[in-house]
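Pasted below: model_36.cif, mmCIF, C-alpha atoms.
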```
data_model
#
loop_
_atom_site.label_atom_id
_atom_site.label_comp_id
_atom_site.auth_asym_id
_atom_site.auth_seq_id
_atom_site.Cartn_x
_atom_site.Cartn_y
_atom_site.Cartn_z
CA MET A 1 0.00 0.00 0.00
CA ILE A 2 1.21 3.50 -0.82
CA PRO A 3 2.11 5.31 2.43
CA TRP A 4 0.73 8.72 3.33
CA LYS A 5 3.06 11.68 2.91
CA VAL A 6 2.66 14.97 4.76
CA LEU A 7 2.93 17.79 2.21
CA ASP A 8 2.41 20.80 4.46
CA THR A 9 1.06 22.03 7.78
CA ALA A 10 -0.82 25.19 8.70
CA LYS A 11 -1.98 26.87 11.88
CA VAL A 12 -5.69 27.64 12.22
CA PRO A 13 -6.10 31.26 13.38
CA GLY A 14 -7.22 31.02 17.00
CA GLY A 15 -7.12 27.22 16.79
CA ARG A 16 -5.81 24.63 19.21
CA ASP A 17 -3.93 22.50 16.69
CA GLU A 18 -2.56 22.60 13.17
CA LEU A 19 -3.88 21.28 9.89
CA ARG A 20 -1.86 18.68 8.00
CA LEU A 21 -2.18 18.19 4.25
CA LYS A 22 -1.42 14.57 3.35
CA GLN A 23 -1.19 12.73 0.04
CA ARG A 24 -1.30 9.05 -0.91
CA GLY A 25 -1.08 8.55 -4.66
CA THR A 26 -3.88 10.70 -6.10
CA GLU A 27 -5.76 10.86 -2.77
CA PHE A 28 -5.53 13.88 -0.48
CA SER A 29 -6.54 14.28 3.15
CA ILE A 30 -6.63 17.25 5.51
CA MET A 31 -6.18 16.24 9.13
CA LEU A 32 -6.54 18.01 12.46
CA GLY A 33 -4.82 15.92 15.09
CA ALA A 34 -6.29 12.42 14.77
CA ASN A 35 -9.41 13.74 13.02
CA GLU A 36 -9.77 13.69 9.25
CA LEU A 37 -11.63 16.86 8.29
CA MET A 38 -11.88 16.08 4.58
CA ASN A 39 -10.78 13.55 1.99
CA SER A 40 -10.67 13.90 -1.78
CA ARG A 41 -12.43 10.52 -2.17
CA LEU A 42 -15.52 11.59 -0.19
CA SER A 43 -17.45 14.44 -1.76
CA GLY A 44 -21.10 13.38 -1.71
CA SER A 45 -22.35 15.25 1.34
CA GLU A 46 -20.48 18.44 0.44
CA GLU A 47 -22.02 18.34 -3.04
CA ALA A 48 -25.45 17.73 -1.49
CA LEU A 49 -24.99 20.86 0.62
CA ALA A 50 -24.96 22.94 -2.57
CA LYS A 51 -27.66 21.00 -4.41
CA LEU A 52 -30.17 21.04 -1.57
CA SER A 53 -29.53 24.74 -0.94
CA TRP A 54 -30.10 25.63 -4.58
CA GLU A 55 -33.42 23.79 -4.59
CA LYS A 56 -34.57 26.18 -1.87
CA ILE A 57 -33.84 29.33 -3.90
CA ILE A 58 -34.35 28.09 -7.45
CA GLY A 59 -35.87 30.65 -9.78
CA ARG A 60 -34.36 33.70 -8.10
CA LYS A 61 -32.72 36.29 -10.30
CA ALA A 62 -29.04 37.03 -9.70
CA PRO A 63 -28.83 34.94 -6.52
CA LYS A 64 -25.98 35.60 -4.13
CA MET A 65 -24.50 32.67 -2.24
CA LEU A 66 -22.00 32.76 0.61
CA ILE A 67 -20.02 29.58 1.27
CA GLY A 68 -18.20 29.36 4.58
CA GLY A 69 -15.21 27.07 4.13
CA LEU A 70 -13.48 26.24 0.84
CA GLY A 71 -12.75 22.68 1.85
CA MET A 72 -11.69 20.70 -1.21
CA GLY A 73 -13.96 22.70 -3.48
CA PHE A 74 -16.71 20.09 -3.77
CA THR A 75 -19.49 22.39 -2.53
CA LEU A 76 -18.28 25.23 -4.73
CA ARG A 77 -18.13 23.09 -7.87
CA ALA A 78 -21.57 21.62 -7.20
CA ALA A 79 -22.97 25.13 -6.75
CA LEU A 80 -21.42 26.32 -10.00
CA ALA A 81 -22.93 23.37 -11.84
CA GLN A 82 -26.45 24.40 -10.84
CA LEU A 83 -26.60 28.12 -10.25
CA PRO A 84 -27.71 30.37 -13.15
CA GLN A 85 -25.33 32.52 -15.16
CA ASP A 86 -26.21 35.67 -13.21
CA ALA A 87 -25.31 34.11 -9.85
CA GLN A 88 -22.47 35.31 -7.66
CA ILE A 89 -20.70 33.08 -5.14
CA THR A 90 -18.41 34.32 -2.37
CA VAL A 91 -16.26 31.76 -0.56
CA ALA A 92 -14.83 32.74 2.81
CA GLU A 93 -11.85 30.62 3.90
CA LEU A 94 -10.27 31.26 7.28
CA VAL A 95 -6.95 29.47 6.68
CA PRO A 96 -4.85 31.07 3.90
CA ALA A 97 -2.91 27.83 3.44
CA VAL A 98 -6.07 26.02 2.32
CA VAL A 99 -6.40 28.48 -0.57
CA ALA A 100 -2.69 28.02 -1.35
CA TRP A 101 -3.10 24.23 -1.34
CA ALA A 102 -6.07 24.58 -3.69
CA ARG A 103 -3.95 26.50 -6.16
CA GLY A 104 -0.88 24.33 -5.61
CA PRO A 105 -0.64 20.60 -4.84
CA MET A 106 -4.41 20.01 -5.05
CA ALA A 107 -5.07 22.06 -8.19
CA ASP A 108 -6.37 18.99 -10.06
CA VAL A 109 -8.96 18.37 -7.33
CA TYR A 110 -10.36 21.90 -7.60
CA GLY A 111 -10.27 22.15 -11.39
CA ASP A 112 -11.03 25.66 -12.65
CA CYS A 113 -13.63 26.59 -10.01
CA LEU A 114 -11.37 29.14 -8.31
CA SER A 115 -10.94 31.12 -11.53
CA ASP A 116 -14.61 31.06 -12.49
CA PRO A 117 -15.86 34.64 -13.06
CA HIS A 118 -18.87 34.00 -10.83
CA VAL A 119 -16.63 33.20 -7.86
CA THR A 120 -14.87 35.47 -5.36
CA ILE A 121 -12.47 33.88 -2.88
CA ARG A 122 -12.01 35.86 0.32
CA GLU A 123 -9.56 34.91 3.05
CA GLY A 124 -11.18 35.55 6.41
CA ASP A 125 -13.78 34.46 8.93
CA VAL A 126 -17.18 33.77 7.37
CA ALA A 127 -18.76 35.50 10.37
CA ASP A 128 -17.35 38.79 9.07
CA PHE A 129 -19.41 38.36 5.89
CA ILE A 130 -22.57 37.64 7.90
CA ASN A 131 -22.57 40.06 10.82
CA GLY A 132 -24.01 43.44 9.91
CA HIS A 133 -24.84 42.47 6.31
CA ALA A 134 -28.62 42.73 6.30
CA LYS A 135 -30.40 40.86 3.51
CA ALA A 136 -27.13 40.40 1.63
CA TRP A 137 -27.38 36.71 0.74
CA ASP A 138 -29.98 34.39 -0.76
CA ALA A 139 -28.13 31.37 0.62
CA ILE A 140 -25.49 30.92 3.30
CA LEU A 141 -23.74 27.55 3.31
CA LEU A 142 -21.63 26.66 6.32
CA ASP A 143 -19.10 23.84 6.07
CA VAL A 144 -17.01 25.21 8.89
CA ASP A 145 -15.21 23.00 11.38
CA ASN A 146 -16.76 19.54 11.84
CA GLY A 147 -20.24 20.95 12.39
CA PRO A 148 -21.96 22.85 15.21
CA GLU A 149 -19.60 21.41 17.83
CA ALA A 150 -16.38 23.40 17.37
CA LEU A 151 -13.33 21.26 16.73
CA THR A 152 -10.71 23.42 15.06
CA ARG A 153 -11.24 26.67 16.99
CA ASP A 154 -13.46 27.85 19.88
CA GLU A 155 -14.56 30.94 17.96
CA ASN A 156 -16.60 28.74 15.62
CA ASP A 157 -19.03 28.22 18.49
CA GLN A 158 -20.12 31.82 17.91
CA ILE A 159 -21.35 31.00 14.39
CA TYR A 160 -23.58 28.19 15.62
CA ALA A 161 -24.75 29.80 18.85
CA SER A 162 -28.15 31.52 18.99
CA ARG A 163 -26.62 34.96 18.48
CA GLY A 164 -24.75 33.80 15.38
CA LEU A 165 -27.84 32.12 13.97
CA ARG A 166 -29.89 35.27 14.43
CA ALA A 167 -27.18 37.21 12.60
CA ALA A 168 -27.33 34.70 9.76
CA LYS A 169 -31.11 35.05 9.57
CA ALA A 170 -30.76 38.84 9.35
CA ALA A 171 -28.17 38.47 6.59
CA LEU A 172 -30.54 36.40 4.43
CA THR A 173 -33.07 37.77 1.99
CA PRO A 174 -36.71 36.82 2.76
CA GLY A 175 -37.12 33.11 2.14
CA GLY A 176 -33.37 32.62 1.94
CA VAL A 177 -31.72 29.47 3.27
CA LEU A 178 -29.02 28.79 5.83
CA ALA A 179 -27.55 25.35 5.09
CA VAL A 180 -25.23 23.75 7.63
CA TRP A 181 -23.03 20.67 7.15
CA SER A 182 -22.11 18.41 10.04
CA SER A 183 -20.38 15.08 10.44
CA ALA A 184 -23.15 13.95 12.81
CA PRO A 185 -26.69 14.81 13.98
CA ASP A 186 -27.16 17.33 16.78
CA PRO A 187 -30.73 17.62 18.16
CA LYS A 188 -29.75 20.58 20.33
CA PHE A 189 -28.62 22.48 17.24
CA THR A 190 -31.90 21.70 15.49
CA ARG A 191 -33.79 23.22 18.41
CA ARG A 192 -31.45 26.22 18.43
CA LEU A 193 -32.18 26.87 14.75
CA GLN A 194 -35.91 26.68 15.42
CA GLY A 195 -35.56 28.98 18.41
CA SER A 196 -33.76 31.50 16.18
CA GLY A 197 -36.80 31.80 13.93
CA PHE A 198 -35.96 29.30 11.16
CA THR A 199 -38.13 26.65 9.58
CA VAL A 200 -35.85 23.62 9.69
CA GLU A 201 -35.44 20.49 7.59
CA GLU A 202 -32.85 17.79 8.24
CA ALA A 203 -31.22 15.66 5.56
CA ARG A 204 -28.99 12.64 6.17
CA VAL A 205 -26.78 12.16 3.11
CA LYS A 206 -24.14 9.62 2.13
CA ALA A 207 -20.57 10.78 2.55
CA ASN A 208 -19.61 9.20 -0.77
CA GLY A 209 -22.85 10.24 -2.48
CA ARG A 210 -23.50 6.78 -3.91
CA GLY A 211 -26.51 4.54 -3.38
CA LYS A 212 -28.64 3.79 -0.35
CA GLY A 213 -26.54 1.07 1.28
CA SER A 214 -24.19 1.14 4.21
CA GLY A 215 -21.52 3.75 4.68
CA ALA A 216 -20.97 6.96 6.58
CA ARG A 217 -23.74 9.54 6.52
CA HIS A 218 -23.49 13.22 7.30
CA MET A 219 -26.12 15.73 8.39
CA ILE A 220 -27.29 18.82 6.53
CA TRP A 221 -29.69 21.31 8.10
CA LEU A 222 -31.73 23.45 5.72
CA ALA A 223 -33.03 26.43 7.68
CA THR A 224 -35.35 28.81 5.84
CA ALA A 225 -35.64 32.39 6.96
#
```
Render the structure in this file as structure tokens.
Amino acid sequence: MIPWKVLDTAKVPGGRDELRLKQRGTEFSIMLGANELMNSRLSGSEEALAKLSWEKIIGRKAPKMLIGGLGMGFTLRAALAQLPQDAQITVAELVPAVVAWARGPMADVYGDCLSDPHVTIREGDVADFINGHAKAWDAILLDVDNGPEALTRDENDQIYASRGLRAAKAALTPGGVLAVWSSAPDPKFTRRLQGSGFTVEEARVKANGRGKGSGARHMIWLATA
């Protein structure tokens, strides 16, 4: 078996540990400690995050989408495949090294999505693009950390806390959607979304996006303002 090779490491601003970019043949993995945050072989749930969000705002003219977390570009590419030609997508990525990896060793994984004219890549905390931006977005997609329970940095709790959810609701246009990815269900977070004034749907999706059989499943919340 081909061994894993560490290509680079990066500190998460305000985080407790560092990210490690690893490669094994054509497969890439981004690790935080013993936790694998993302793998280039598993894209199904990240793609579903974009597809399910678009279904909520389909038919809107010039929709504006904010994606929190570049990841391995799966959500961004899925959004580009479905959004209309007048759409604009802003991706907020906290860790500059992730953007550098996307343009460097993992360029084949991302394809040409970073240079698409509909896309703006911004290095920074997604919360800065939510707070104080009233009715700015038709859809806000959060694939930050490992879900509502902060893993990479304590500050991510603020995004998923009631105050952060209310800010997200204020930043959405009427009928807009807040979509949240998580590695696992979280009933308390569902109730927190509802308590923040959202109508909430839950979707359990396959991590690899294939079939209905066994395999890891991730959670996506679709919260309508």
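For the set A:Gly33, A:Gly164, A:Pro63, A:Pro148, the residue with the smallest atom-to-atom gap to Asp128 of chain A is A:Gly164, counting all atoms listed in the file.
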Since I can't run it myself right now, could you work out what the PyMOL selection byres ((chain A and resi 76) around 12) selects here and report it as an MDAnalysis selection string?
chainID A and resid 43 46:51 53:54 65:75 77:83 88:92 109:116 118:121 141:143
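Within 12 Å of Thr26 of chain A, once only C-alpha atoms are used and residues closer than 4 positions along the same chain are dropped, the contacting residues are Ile2, Pro3, Trp4, Lys5, Lys22, Asn39, Ser40, Arg41, Pro105, Met106, Ala107, Asp108 and Val109 of chain A.
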Taking the file as shown, find all residues satisfying the PyMOL selection byres ((chain A and resi 171) around 6) and write them as a list in words.
Ile130, His133, Ala134, Lys135, Ala136, Ala168, Lys169, Ala170 and Leu172 of chain A
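Considering only C-alpha atoms, the residue among A:Leu165, A:Ala102, A:Leu19, A:Ala10 positioned nearest to Ala127 of chain A is A:Leu165.
Atom pair atom CA of Trp221 of chain A / atom CA of Leu21 of chain A: separated by 28.0 Å.
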Which residues of segment 26-61 of chain A come within 12 Å of segment 182-201 of chain A, and what is each one's closest atom pair and distance in Å (one decimal), counting all atoms listed in the file, sorted by chain and residue number, as a tab-separated table?
```
residue	atom	partner	partner_atom	distance
A:Asn35	CA	A:Ser183	CA	11.3
A:Glu36	CA	A:Ser183	CA	10.8
A:Leu37	CA	A:Ser183	CA	9.2
A:Met38	CA	A:Ser183	CA	10.4
A:Ser45	CA	A:Ser182	CA	9.3
A:Glu46	CA	A:Ser182	CA	9.7
A:Leu49	CA	A:Ser182	CA	10.2
A:Leu52	CA	A:Glu201	CA	10.6
A:Ser53	CA	A:Glu201	CA	11.2
A:Lys56	CA	A:Glu201	CA	11.1
```
For the residues selected in the previous step, produce a file with C-alpha atoms as an mmCIF file, in the coordinates of the input.
```
data_model
loop_
_atom_site.group_PDB
_atom_site.id
_atom_site.type_symbol
_atom_site.label_atom_id
_atom_site.label_comp_id
_atom_site.auth_asym_id
_atom_site.auth_seq_id
_atom_site.Cartn_x
_atom_site.Cartn_y
_atom_site.Cartn_z
ATOM 1 C CA ASN A 35 -9.410 13.740 13.020
ATOM 2 C CA GLU A 36 -9.770 13.690 9.250
ATOM 3 C CA LEU A 37 -11.630 16.860 8.290
ATOM 4 C CA MET A 38 -11.880 16.080 4.580
ATOM 5 C CA SER A 45 -22.350 15.250 1.340
ATOM 6 C CA GLU A 46 -20.480 18.440 0.440
ATOM 7 C CA LEU A 49 -24.990 20.860 0.620
ATOM 8 C CA LEU A 52 -30.170 21.040 -1.570
ATOM 9 C CA SER A 53 -29.530 24.740 -0.940
ATOM 10 C CA LYS A 56 -34.570 26.180 -1.870
#
```
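Note that atom CA of Arg103 of chain A and atom CA of Asp125 of chain A are 19.7 Å apart.
Here the question is which of A:Leu32, A:Ala223, A:Val144, A:Val177 gets nearest to Glu93 of chain A using only C-alpha atoms, and that residue is A:Val144.
Closest to Gly104 of chain A among A:Arg217, A:Val205, A:Ala167, A:Leu7 is A:Leu7, based on all atoms listed in the file.
Compared by their closest atoms to Ile57 of chain A, and using only C-alpha atoms, the residues A:Thr173, A:Ser162, A:Gln85, A:Asn208 rank with A:Thr173 nearest.
In terms of minimum interatomic distance to Pro13 of chain A, A:Leu94 ranks closest within A:Ile140, A:Ala203, A:Ala225, A:Leu94, counting all atoms listed in the file.
Atom CA of Asp86 of chain A to atom CA of Leu178 of chain A spans 20.4 Å [interatomic distance, one decimal].
Applied to the file shown here, the PyMOL selection byres ((chain A and resi 175) around 6) selects the residues Pro174, Gly176, Thr224 and Ala225 of chain A.
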